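Data file: data-v9.cif. Format and content: mmCIF, C-alpha atoms (C1' of nucleotides).
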```cif
data_query
#
loop_
_atom_site.label_atom_id
_atom_site.label_comp_id
_atom_site.auth_asym_id
_atom_site.auth_seq_id
_atom_site.Cartn_x
_atom_site.Cartn_y
_atom_site.Cartn_z
CA MET A 1 14.30 20.17 16.75
CA ASP A 2 16.00 19.67 20.09
CA LYS A 3 14.62 16.15 20.25
CA ILE A 4 15.96 15.33 16.82
CA PHE A 5 19.48 16.47 17.65
CA LYS A 6 19.38 14.64 20.97
CA ALA A 7 18.13 11.51 19.26
CA LEU A 8 20.91 11.65 16.71
CA ALA A 9 23.55 12.22 19.36
CA ASP A 10 23.74 8.53 20.21
CA LYS A 11 25.73 6.15 18.05
CA SER A 12 23.41 3.20 18.68
CA ARG A 13 20.41 5.21 17.58
CA ARG A 14 22.14 6.28 14.40
CA LYS A 15 22.94 2.64 13.82
CA LEU A 16 19.29 1.76 14.22
CA LEU A 17 18.37 4.37 11.64
CA ASP A 18 20.98 2.87 9.35
CA LYS A 19 19.46 -0.57 9.76
CA LEU A 20 16.07 0.80 8.87
CA PHE A 21 17.58 2.52 5.86
CA ALA A 22 18.87 -0.83 4.71
CA LYS A 23 15.59 -2.56 5.37
CA ASN A 24 12.47 -0.78 6.45
CA GLY A 25 9.77 -2.26 8.67
CA GLN A 26 11.94 -4.38 10.96
CA THR A 27 10.75 -5.78 14.26
CA LEU A 28 12.22 -5.00 17.66
CA GLY A 29 13.74 -8.46 17.73
CA GLU A 30 15.44 -8.02 14.39
CA LEU A 31 16.81 -4.62 15.32
CA SER A 32 18.07 -5.92 18.65
CA GLU A 33 20.25 -8.52 17.00
CA TYR A 34 22.45 -5.84 15.47
CA LEU A 35 23.33 -4.14 18.72
CA ALA A 36 25.36 -5.53 21.57
CA MET A 37 22.82 -4.73 24.24
CA SER A 38 19.61 -6.05 25.69
CA ARG A 39 16.30 -5.88 23.87
CA GLN A 40 15.02 -3.52 26.55
CA ALA A 41 17.83 -1.08 25.90
CA VAL A 42 16.97 -1.13 22.21
CA THR A 43 13.33 -0.50 23.08
CA LYS A 44 14.36 2.66 24.87
CA HIS A 45 16.43 3.86 21.94
CA LEU A 46 13.58 3.21 19.55
CA LEU A 47 11.25 5.15 21.81
CA ILE A 48 13.54 8.14 21.70
CA LEU A 49 13.71 7.95 17.92
CA GLN A 50 9.95 7.72 17.85
CA GLU A 51 9.49 10.75 20.07
CA ALA A 52 11.79 12.68 17.80
CA ASN A 53 9.48 11.63 15.01
CA LEU A 54 12.32 9.90 13.19
CA ILE A 55 10.60 6.55 13.05
CA SER A 56 7.05 5.30 13.30
CA VAL A 57 5.67 2.04 14.55
CA LYS A 58 2.99 -0.35 13.39
CA TRP A 59 1.81 -3.46 15.19
CA ARG A 60 1.31 -6.69 13.34
CA GLY A 61 0.04 -9.26 15.80
CA ARG A 62 2.63 -9.57 18.50
CA GLU A 63 5.28 -8.00 16.34
CA LYS A 64 6.20 -4.34 16.39
CA LEU A 65 7.35 -3.05 13.02
CA HIS A 66 9.53 0.02 12.74
CA TYR A 67 9.55 2.40 9.82
CA LEU A 68 11.84 5.25 8.98
CA ASN A 69 10.42 8.76 8.89
CA SER A 70 12.73 10.60 6.57
CA VAL A 71 10.85 13.87 6.24
CA PRO A 72 11.59 15.60 9.57
CA ILE A 73 15.26 14.75 9.64
CA HIS A 74 15.60 15.81 6.08
CA GLN A 75 14.00 19.16 6.76
CA ILE A 76 16.07 19.88 9.83
CA MET A 77 19.31 18.90 8.19
CA ARG A 78 18.47 20.81 5.08
CA ARG A 79 17.87 23.91 7.18
CA TRP A 80 21.25 23.60 8.83
CA VAL A 81 23.06 22.89 5.65
CA ASN A 82 21.48 25.86 3.97
CA LYS A 83 22.45 28.08 6.85
CA TYR A 84 26.07 27.09 6.53
CA GLU A 85 25.85 27.22 2.80
CA ASP A 86 24.64 30.83 3.11
CA GLN A 87 27.50 31.66 5.37
CA ARG A 88 29.96 30.26 2.86
CA LEU A 89 28.39 32.21 0.07
CA GLU A 90 28.59 35.37 2.14
CA ALA A 91 32.22 34.70 2.84
CA LEU A 92 32.79 34.29 -0.87
CA SER A 93 30.90 37.44 -1.67
CA ALA A 94 32.84 39.38 0.96
CA LEU A 95 36.05 38.07 -0.49
CA LYS A 96 34.93 39.13 -3.93
CA LYS A 97 34.08 42.61 -2.70
CA ASN A 98 37.46 42.94 -1.06
CA LEU A 99 39.20 41.87 -4.21
CA GLU A 100 37.21 44.30 -6.27
CA SER A 101 37.91 47.24 -3.99
CA SER A 102 41.59 46.39 -3.83
CA ILE A 103 41.73 46.40 -7.61
CA LYS A 104 40.05 49.73 -7.99
CA MET B 275 31.27 12.34 13.45
CA ASP B 276 30.13 11.15 16.83
CA LYS B 277 31.65 14.22 18.40
CA ILE B 278 29.85 16.50 16.00
CA PHE B 279 26.45 14.99 16.71
CA LYS B 280 27.13 15.04 20.44
CA ALA B 281 28.23 18.65 20.23
CA LEU B 282 25.09 19.63 18.37
CA ALA B 283 22.85 17.80 20.81
CA ASP B 284 22.93 20.65 23.31
CA LYS B 285 20.75 23.71 22.84
CA SER B 286 23.25 26.09 24.41
CA ARG B 287 25.97 24.93 22.07
CA ARG B 288 23.75 25.41 19.05
CA LYS B 289 23.03 28.89 20.38
CA LEU B 290 26.74 29.58 20.59
CA LEU B 291 27.16 28.53 16.99
CA ASP B 292 24.29 30.85 16.11
CA LYS B 293 26.00 33.72 17.85
CA LEU B 294 29.17 33.05 15.94
CA PHE B 295 27.17 32.91 12.74
CA ALA B 296 25.86 36.36 13.51
CA LYS B 297 29.30 37.67 14.41
CA ASN B 298 32.46 35.70 14.02
CA GLY B 299 35.51 36.03 16.25
CA GLN B 300 33.80 36.77 19.55
CA THR B 301 35.51 36.49 22.91
CA LEU B 302 34.53 34.16 25.72
CA GLY B 303 33.18 37.13 27.64
CA GLU B 304 30.99 38.24 24.77
CA LEU B 305 29.63 34.77 24.18
CA SER B 306 28.92 34.30 27.88
CA GLU B 307 26.63 37.30 27.99
CA TYR B 308 24.10 35.60 25.75
CA LEU B 309 23.64 32.54 27.89
CA ALA B 310 22.10 32.35 31.33
CA MET B 311 24.97 30.48 32.87
CA SER B 312 28.41 31.07 34.32
CA ARG B 313 31.40 31.85 32.16
CA GLN B 314 32.96 28.56 33.19
CA ALA B 315 29.99 26.64 31.89
CA VAL B 316 30.31 28.44 28.58
CA THR B 317 34.01 27.60 28.50
CA LYS B 318 33.10 23.94 28.73
CA HIS B 319 30.60 24.19 25.91
CA LEU B 320 33.09 25.98 23.71
CA LEU B 321 35.65 23.29 24.44
CA ILE B 322 33.26 20.62 23.27
CA LEU B 323 32.54 22.56 20.09
CA GLN B 324 36.25 22.94 19.58
CA GLU B 325 36.91 19.24 20.03
CA ALA B 326 34.23 18.51 17.48
CA ASN B 327 36.14 20.85 15.22
CA LEU B 328 33.13 23.11 14.86
CA ILE B 329 34.96 26.20 16.05
CA SER B 330 38.55 27.29 16.32
CA VAL B 331 40.24 29.61 18.74
CA LYS B 332 42.80 32.35 18.45
CA TRP B 333 44.39 34.29 21.29
CA ARG B 334 44.75 38.03 21.12
CA GLY B 335 46.48 39.17 24.28
CA ARG B 336 44.33 38.09 27.16
CA GLU B 337 41.32 37.64 24.94
CA LYS B 338 40.26 34.36 23.39
CA LEU B 339 38.57 34.77 20.05
CA HIS B 340 36.23 32.11 18.69
CA TYR B 341 35.70 31.39 15.03
CA LEU B 342 33.19 29.21 13.30
CA ASN B 343 34.42 26.21 11.37
CA SER B 344 31.72 25.63 8.85
CA VAL B 345 33.38 22.97 6.72
CA PRO B 346 33.09 19.85 8.90
CA ILE B 347 29.52 20.42 9.93
CA HIS B 348 28.60 21.17 6.39
CA GLN B 349 30.13 17.94 5.15
CA ILE B 350 28.50 15.79 7.80
CA MET B 351 25.11 17.31 7.32
CA ARG B 352 25.40 17.13 3.60
CA ARG B 353 26.18 13.44 3.86
CA TRP B 354 23.12 12.80 5.95
CA VAL B 355 20.86 14.89 3.83
CA ASN B 356 22.04 13.13 0.70
CA LYS B 357 21.42 9.78 2.27
CA TYR B 358 17.82 10.67 3.02
CA GLU B 359 17.50 12.35 -0.31
CA ASP B 360 18.57 9.11 -1.95
CA GLN B 361 16.04 7.20 0.04
CA ARG B 362 13.31 9.56 -1.10
CA LEU B 363 14.38 9.26 -4.70
CA GLU B 364 14.33 5.49 -4.44
CA ALA B 365 10.86 5.62 -3.00
CA LEU B 366 9.81 7.81 -5.90
CA SER B 367 11.42 5.54 -8.41
CA ALA B 368 9.76 2.48 -6.86
CA LEU B 369 6.45 4.27 -7.01
CA LYS B 370 7.04 5.08 -10.65
CA LYS B 371 7.88 1.49 -11.45
CA ASN B 372 4.73 0.29 -9.75
CA LEU B 373 2.65 2.76 -11.67
CA GLU B 374 4.23 1.73 -14.96
CA SER B 375 3.73 -1.96 -14.37
CA SER B 376 0.13 -1.41 -13.32
CA ILE B 377 -0.52 0.48 -16.55
CA LYS B 378 0.97 -2.17 -18.79
"C1'" DA C 237 53.37 49.40 41.01
"C1'" DT C 238 48.62 48.57 41.42
"C1'" DA C 239 44.16 47.68 39.89
"C1'" DA C 240 41.09 45.90 36.59
"C1'" DT C 241 40.02 42.64 33.12
"C1'" DA C 242 39.92 38.09 30.72
"C1'" DT C 243 40.51 33.74 31.28
"C1'" DG C 244 42.02 28.86 33.29
"C1'" DC C 245 41.95 25.08 36.66
"C1'" DA C 246 39.89 21.91 39.80
"C1'" DA C 247 36.72 20.15 43.07
"C1'" DC C 248 32.17 19.43 43.73
"C1'" DC C 249 26.95 18.60 43.01
"C1'" DT C 250 22.64 17.25 40.50
"C1'" DT C 251 20.25 15.46 36.75
"C1'" DT C 252 20.12 12.81 32.70
"C1'" DT C 253 21.44 9.00 29.99
"C1'" DA C 254 22.39 4.32 28.84
"C1'" DG C 255 22.22 0.20 30.34
"C1'" DT C 256 20.79 -3.92 33.31
"C1'" DT C 257 17.62 -7.53 35.41
"C1'" DG C 258 13.31 -9.79 36.71
"C1'" DC C 259 8.76 -10.49 35.95
"C1'" DA C 260 4.18 -9.71 33.41
"C1'" DT C 261 1.30 -9.86 29.27
"C1'" DA C 262 -0.30 -10.75 24.68
"C1'" DT C 263 -0.14 -13.36 20.45
"C1'" DT C 264 0.86 -17.46 17.77
"C1'" DA C 265 2.17 -22.41 17.10
"C1'" DT C 266 1.65 -27.34 18.49
"C1'" DA D 83 -4.61 -26.31 26.67
"C1'" DT D 84 0.18 -25.60 26.67
"C1'" DA D 85 4.36 -23.94 25.08
"C1'" DA D 86 6.97 -20.71 22.57
"C1'" DT D 87 7.61 -16.17 20.95
"C1'" DA D 88 7.50 -11.03 20.98
"C1'" DT D 89 7.10 -7.51 23.58
"C1'" DG D 90 6.09 -4.22 27.85
"C1'" DC D 91 6.75 -2.47 32.55
"C1'" DA D 92 9.37 -1.06 36.54
"C1'" DA D 93 13.12 -0.80 39.69
"C1'" DC D 94 17.77 -0.29 39.92
"C1'" DT D 95 22.79 1.13 38.80
"C1'" DA D 96 26.83 3.39 36.77
"C1'" DA D 97 28.61 6.77 34.09
"C1'" DA D 98 28.25 11.07 31.62
"C1'" DA D 99 26.60 15.73 31.13
"C1'" DG D 100 25.74 20.22 32.61
"C1'" DG D 101 26.26 23.24 35.89
"C1'" DT D 102 28.32 25.75 40.19
"C1'" DT D 103 31.91 27.90 43.20
"C1'" DG D 104 36.49 29.46 44.72
"C1'" DC D 105 40.87 30.55 43.67
"C1'" DA D 106 44.97 31.16 40.38
"C1'" DT D 107 47.21 33.36 36.44
"C1'" DA D 108 48.19 36.34 32.64
"C1'" DT D 109 47.52 40.64 30.21
"C1'" DT D 110 46.27 45.49 29.93
"C1'" DA D 111 45.08 50.11 31.86
"C1'" DT D 112 45.95 53.86 35.30
#
```
Show how you would write the structure in this file as C-alpha cells.
Amino acid sequence: MDKIFKALADKSRRKLLDKLFAKNGQTLGELSEYLAMSRQAVTKHLLILQEANLISVKWRGREKLHYLNSVPIHQIMRRWVNKYEDQRLEALSALKKNLESSIK
Amino acid sequence: MDKIFKALADKSRRKLLDKLFAKNGQTLGELSEYLAMSRQAVTKHLLILQEANLISVKWRGREKLHYLNSVPIHQIMRRWVNKYEDQRLEALSALKKNLESSIK
DNA sequence: ATAATATGCAACCTTTTAGTTGCATATTAT
DNA sequence: ATAATATGCAACTAAAAGGTTGCATATTAT
C-alpha cells in the first residue's frame, strides 16, 4: 500500500499510467517519447510502478512491453473511497439523529 | 490533484488522517502523541495536508484544532476508481464481443 | 504577576528522489 | 559480418523531503 501511494505521488508516473490506459502494451521507447526526460529516467519510473505492482512487463525480443495492472490500484482506491464514504454516511446519520432529537 | 497524491504518499500523514477519522477536531498536541516524532515534524505534516485541502484548521484560544476534509479526497479517489472501473468494464465487454463472434 | 501550556519560526542535517551522462549488451535488419 | 535499434547498468548531481533542535510568542491557570 505504501508503495502504491508513493508510486502515484509523481506526476510523470501518473502520466505513464495514463498512456498505458490509452494504449496498453507499449514499449519503453514509446513511453519515453511522451515525457520530457531521458529514457533512463523513464526506466526508473517504470520500475517504481512495477514494484508497486501497478504495471507488469513482458519481453518481446529486444522490446520491453508494459501492461497496466488495474486490480491493485482499484482495490486500494476502493478501500479509501469506502472509508470516506462511510464517514460521510456517519455524518449524515449523526445529523439525522440530531434533527430527530431536536424535533422531539 | 498533485498535492493530494503527494500528501497521501507519506505514511505518517495517512496515519494523521486516520486519527482524525477516529476523532475529528484534535489539537496538534493530541495528534503528536500518536507519532514517534517531534511536534514540529507533525506540524509540517499537518501543513502539507492542509495545503492539499485534506484537513482544515480552527483556532480555539491557544489550541489548534484539526478537522478532516473528506470531500476533495473523495472526489479524486472516485475519479481514479471510476477510470479503472471503466477499463475493467471495457475489458469485459471486449471479452464478451470475442466470445460472441467466436460462437457465430 | 508568574508559571505552565500550546504552538510558531527558522536554521540546520540526512536521506531520498528525480534526473543526468557514458558506456555495455542483446536483438534485429541489411 | 556489420550496423542499427532497444534496452540495461552504474556513477554522479541537484533538489526535495523528512526530521531535529533552540528559541520566541500567545493564551490560560494559579
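Reported to one decimal place, the separation of C1' of DT253 in chain C from CA of Ser56 in chain A is 22.3 Å.
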Show me, as a tab-separated table, the residues of chain D having an atom within 9 Å of range 333-343 of chain B, each with the closest atom pair and its distance in Å, using all atoms listed in the file.
```
residue	atom	partner	partner_atom	distance
D:DA108	C1'	B:Arg336	CA	6.9
D:DT109	C1'	B:Arg336	CA	5.1
D:DT110	C1'	B:Arg336	CA	8.1
```
Discussion item. Distance limit 7 Å, atoms considered: only C-alpha atoms. Which chain A residues sit that close to chain B? Return them as a PyMOL selection string.
Written reply: chain A and resi 2+5-6+8-9+11+70+74+77-78+81+84
Chain A least-squares fitted onto chain B over all paired C-alpha atoms, as a PDB file with C-alpha atoms, keeping the file's coordinate frame:
```pdb
ATOM      1  CA  MET A   1      31.205  12.363  13.333  1.00  0.00           C
ATOM      2  CA  ASP A   2      30.013  11.165  16.715  1.00  0.00           C
ATOM      3  CA  LYS A   3      31.560  14.220  18.327  1.00  0.00           C
ATOM      4  CA  ILE A   4      29.791  16.538  15.933  1.00  0.00           C
ATOM      5  CA  PHE A   5      26.374  15.045  16.620  1.00  0.00           C
ATOM      6  CA  LYS A   6      27.021  15.074  20.357  1.00  0.00           C
ATOM      7  CA  ALA A   7      28.159  18.674  20.179  1.00  0.00           C
ATOM      8  CA  LEU A   8      25.046  19.690  18.301  1.00  0.00           C
ATOM      9  CA  ALA A   9      22.780  17.854  20.712  1.00  0.00           C
ATOM     10  CA  ASP A  10      22.878  20.687  23.230  1.00  0.00           C
ATOM     11  CA  LYS A  11      20.715  23.753  22.773  1.00  0.00           C
ATOM     12  CA  SER A  12      23.231  26.109  24.386  1.00  0.00           C
ATOM     13  CA  ARG A  13      25.954  24.948  22.043  1.00  0.00           C
ATOM     14  CA  ARG A  14      23.749  25.476  19.024  1.00  0.00           C
ATOM     15  CA  LYS A  15      23.041  28.929  20.366  1.00  0.00           C
ATOM     16  CA  LEU A  16      26.747  29.611  20.603  1.00  0.00           C
ATOM     17  CA  LEU A  17      27.178  28.572  16.991  1.00  0.00           C
ATOM     18  CA  ASP A  18      24.344  30.910  16.093  1.00  0.00           C
ATOM     19  CA  LYS A  19      26.060  33.779  17.863  1.00  0.00           C
ATOM     20  CA  LEU A  20      29.227  33.091  15.950  1.00  0.00           C
ATOM     21  CA  PHE A  21      27.234  32.973  12.738  1.00  0.00           C
ATOM     22  CA  ALA A  22      25.948  36.429  13.518  1.00  0.00           C
ATOM     23  CA  LYS A  23      29.363  37.725  14.438  1.00  0.00           C
ATOM     24  CA  ASN A  24      32.520  35.731  14.079  1.00  0.00           C
ATOM     25  CA  GLY A  25      35.568  36.048  16.319  1.00  0.00           C
ATOM     26  CA  GLN A  26      33.838  36.761  19.627  1.00  0.00           C
ATOM     27  CA  THR A  27      35.541  36.451  22.985  1.00  0.00           C
ATOM     28  CA  LEU A  28      34.528  34.106  25.778  1.00  0.00           C
ATOM     29  CA  GLY A  29      33.190  37.072  27.702  1.00  0.00           C
ATOM     30  CA  GLU A  30      31.021  38.230  24.840  1.00  0.00           C
ATOM     31  CA  LEU A  31      29.643  34.762  24.230  1.00  0.00           C
ATOM     32  CA  SER A  32      28.921  34.283  27.920  1.00  0.00           C
ATOM     33  CA  GLU A  33      26.652  37.295  28.038  1.00  0.00           C
ATOM     34  CA  TYR A  34      24.140  35.609  25.755  1.00  0.00           C
ATOM     35  CA  LEU A  35      23.648  32.542  27.896  1.00  0.00           C
ATOM     36  CA  ALA A  36      22.102  32.351  31.324  1.00  0.00           C
ATOM     37  CA  MET A  37      24.952  30.445  32.894  1.00  0.00           C
ATOM     38  CA  SER A  38      28.390  31.002  34.315  1.00  0.00           C
ATOM     39  CA  ARG A  39      31.401  31.810  32.176  1.00  0.00           C
ATOM     40  CA  GLN A  40      32.936  28.494  33.197  1.00  0.00           C
ATOM     41  CA  ALA A  41      29.955  26.583  31.880  1.00  0.00           C
ATOM     42  CA  VAL A  42      30.291  28.408  28.576  1.00  0.00           C
ATOM     43  CA  THR A  43      33.985  27.539  28.506  1.00  0.00           C
ATOM     44  CA  LYS A  44      33.074  23.881  28.707  1.00  0.00           C
ATOM     45  CA  HIS A  45      30.562  24.166  25.893  1.00  0.00           C
ATOM     46  CA  LEU A  46      33.076  25.953  23.715  1.00  0.00           C
ATOM     47  CA  LEU A  47      35.609  23.235  24.419  1.00  0.00           C
ATOM     48  CA  ILE A  48      33.193  20.598  23.234  1.00  0.00           C
ATOM     49  CA  LEU A  49      32.505  22.561  20.068  1.00  0.00           C
ATOM     50  CA  GLN A  50      36.224  22.899  19.573  1.00  0.00           C
ATOM     51  CA  GLU A  51      36.853  19.191  19.994  1.00  0.00           C
ATOM     52  CA  ALA A  52      34.173  18.514  17.439  1.00  0.00           C
ATOM     53  CA  ASN A  53      36.115  20.828  15.182  1.00  0.00           C
ATOM     54  CA  LEU A  54      33.129  23.138  14.835  1.00  0.00           C
ATOM     55  CA  ILE A  55      34.962  26.196  16.056  1.00  0.00           C
ATOM     56  CA  SER A  56      38.565  27.272  16.353  1.00  0.00           C
ATOM     57  CA  VAL A  57      40.253  29.579  18.787  1.00  0.00           C
ATOM     58  CA  LYS A  58      42.849  32.305  18.528  1.00  0.00           C
ATOM     59  CA  TRP A  59      44.409  34.213  21.398  1.00  0.00           C
ATOM     60  CA  ARG A  60      44.790  37.946  21.254  1.00  0.00           C
ATOM     61  CA  GLY A  61      46.507  39.068  24.426  1.00  0.00           C
ATOM     62  CA  ARG A  62      44.337  37.983  27.292  1.00  0.00           C
ATOM     63  CA  GLU A  63      41.343  37.560  25.054  1.00  0.00           C
ATOM     64  CA  LYS A  64      40.274  34.295  23.492  1.00  0.00           C
ATOM     65  CA  LEU A  65      38.607  34.735  20.120  1.00  0.00           C
ATOM     66  CA  HIS A  66      36.272  32.111  18.734  1.00  0.00           C
ATOM     67  CA  TYR A  67      35.736  31.410  15.072  1.00  0.00           C
ATOM     68  CA  LEU A  68      33.225  29.244  13.320  1.00  0.00           C
ATOM     69  CA  ASN A  69      34.458  26.241  11.369  1.00  0.00           C
ATOM     70  CA  SER A  70      31.765  25.666   8.815  1.00  0.00           C
ATOM     71  CA  VAL A  71      33.431  23.001   6.704  1.00  0.00           C
ATOM     72  CA  PRO A  72      33.087  19.874   8.879  1.00  0.00           C
ATOM     73  CA  ILE A  73      29.505  20.487   9.874  1.00  0.00           C
ATOM     74  CA  HIS A  74      28.622  21.242   6.330  1.00  0.00           C
ATOM     75  CA  GLN A  75      30.148  18.018   5.098  1.00  0.00           C
ATOM     76  CA  ILE A  76      28.498  15.866   7.720  1.00  0.00           C
ATOM     77  CA  MET A  77      25.108  17.421   7.230  1.00  0.00           C
ATOM     78  CA  ARG A  78      25.417  17.247   3.502  1.00  0.00           C
ATOM     79  CA  ARG A  79      26.165  13.538   3.765  1.00  0.00           C
ATOM     80  CA  TRP A  80      23.066  12.932   5.833  1.00  0.00           C
ATOM     81  CA  VAL A  81      20.863  15.022   3.672  1.00  0.00           C
ATOM     82  CA  ASN A  82      22.056  13.255   0.575  1.00  0.00           C
ATOM     83  CA  LYS A  83      21.400   9.906   2.160  1.00  0.00           C
ATOM     84  CA  TYR A  84      17.819  10.830   2.876  1.00  0.00           C
ATOM     85  CA  GLU A  85      17.508  12.498  -0.455  1.00  0.00           C
ATOM     86  CA  ASP A  86      18.585   9.211  -2.076  1.00  0.00           C
ATOM     87  CA  GLN A  87      16.035   7.327  -0.095  1.00  0.00           C
ATOM     88  CA  ARG A  88      13.314   9.686  -1.253  1.00  0.00           C
ATOM     89  CA  LEU A  89      14.388   9.344  -4.828  1.00  0.00           C
ATOM     90  CA  GLU A  90      14.337   5.576  -4.503  1.00  0.00           C
ATOM     91  CA  ALA A  91      10.875   5.732  -3.053  1.00  0.00           C
ATOM     92  CA  LEU A  92       9.811   7.844  -5.996  1.00  0.00           C
ATOM     93  CA  SER A  93      11.426   5.509  -8.460  1.00  0.00           C
ATOM     94  CA  ALA A  94       9.787   2.498  -6.818  1.00  0.00           C
ATOM     95  CA  LEU A  95       6.468   4.253  -6.990  1.00  0.00           C
ATOM     96  CA  LYS A  96       7.047   4.990 -10.642  1.00  0.00           C
ATOM     97  CA  LYS A  97       7.902   1.369 -11.350  1.00  0.00           C
ATOM     98  CA  ASN A  98       4.774   0.206  -9.595  1.00  0.00           C
ATOM     99  CA  LEU A  99       2.660   2.600 -11.569  1.00  0.00           C
ATOM    100  CA  GLU A 100       4.230   1.500 -14.799  1.00  0.00           C
ATOM    101  CA  SER A 101       3.724  -2.189 -14.115  1.00  0.00           C
ATOM    102  CA  SER A 102       0.145  -1.619 -13.041  1.00  0.00           C
ATOM    103  CA  ILE A 103      -0.523   0.169 -16.306  1.00  0.00           C
ATOM    104  CA  LYS A 104       0.935  -2.530 -18.461  1.00  0.00           C
TER     105      LYS A 104
END
```
Fill in: Reference answer for the PyMOL selection byres ((chain D) within 9 of (chain A)), as a PyMOL selection string
chain D and resi 87-89
Could you turn the residues from that selection into a file that holds C-alpha atoms (C1' of nucleotides), as a compact mmCIF listing (two decimals), in the frame of the given file?
```txt
# COMPACT_ATOMS: atom_id res chain seq x y z
C1' DT D 87 7.61 -16.17 20.95
C1' DA D 88 7.50 -11.03 20.98
C1' DT D 89 7.10 -7.51 23.58
```
Residues of chain C that approach chain B to 10 Å or less, counting only C-alpha atoms (C1' of nucleotides): could you list each one with the shortest pair of atoms and its distance in Å to one decimal, rows by chain and increasing residue number, as a tab-separated table?
```
residue	atom	partner	partner_atom	distance
C:DT241	C1'	B:Arg336	CA	8.6
C:DA242	C1'	B:Arg336	CA	5.7
C:DT243	C1'	B:Arg336	CA	7.1
C:DG244	C1'	B:Gln314	CA	9.1
```
Discussion item. For a test of reading the model, state the distance in Å between C1' of DT250 in chain C and C1' of DT102 in chain D, rounded to one decimal.
Written reply: 10.2 Å
Practice prompt. Determine, counting only C-alpha atoms (C1' of nucleotides), which protein, DNA and RNA residues have an atom within 10 Å of an atom of DT251 in chain C; residues of the same chain fewer than 6 positions away are not included. Present the result as an MDAnalysis selection string.
Written response: chainID D and resid 99:101
Item to complete: Identify, on the basis of all atoms listed in the file, every residue whose closest approach to DT112 in chain D does not exceed 10 Å; exclude the query and any residue fewer than 4 positions from it along the same chain; express the result as a list in words.
Response: DT238, DA239 and DA240 of chain C
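Atom pair CA of Leu20 in chain A / CA of Leu47 in chain A: separated by 14.5 Å.
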Item to complete: Go through the shown structure with the PyMOL selection byres ((chain D and resi 104) around 10) and write out the matching residues as a VMD selection string.
Response: (chain C and resid 246 to 247) or (chain D and resid 103 105 to 106)
Worksheet entry | Residues matched by the PyMOL selection byres ((chain D and resi 95-97) around 9) as an MDAnalysis selection string | (chainID C and resid 253:256) or (chainID D and resid 94 98)
Worksheet entry | Close residues, Ser12 in chain A itself excluded, 8 Å, only C-alpha atoms (C1' of nucleotides), min 4 positions apart in chain, as a list of chain:residue names |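 Returned residues: A:Leu16, A:Leu35, A:His45.
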Just need the box for range 243-260 of chain C, edges along x, y and z, holding every atom the file lists for it with 8 Å tacked onto each side, so centre and edge lengths in Å to one decimal, as AutoDock Vina command-line options.
```
--center_x 23.1 --center_y 11.6 --center_z 36.3 --size_x 53.8 --size_y 60.2 --size_z 30.9
```
Worksheet item: Contacts of Leu46 in chain A at 8 Å or less, counting all atoms listed in the file, minus same-chain residues fewer than 4 places along, as a PyMOL selection string?
Response: chain A and resi 13+16+42+50+55
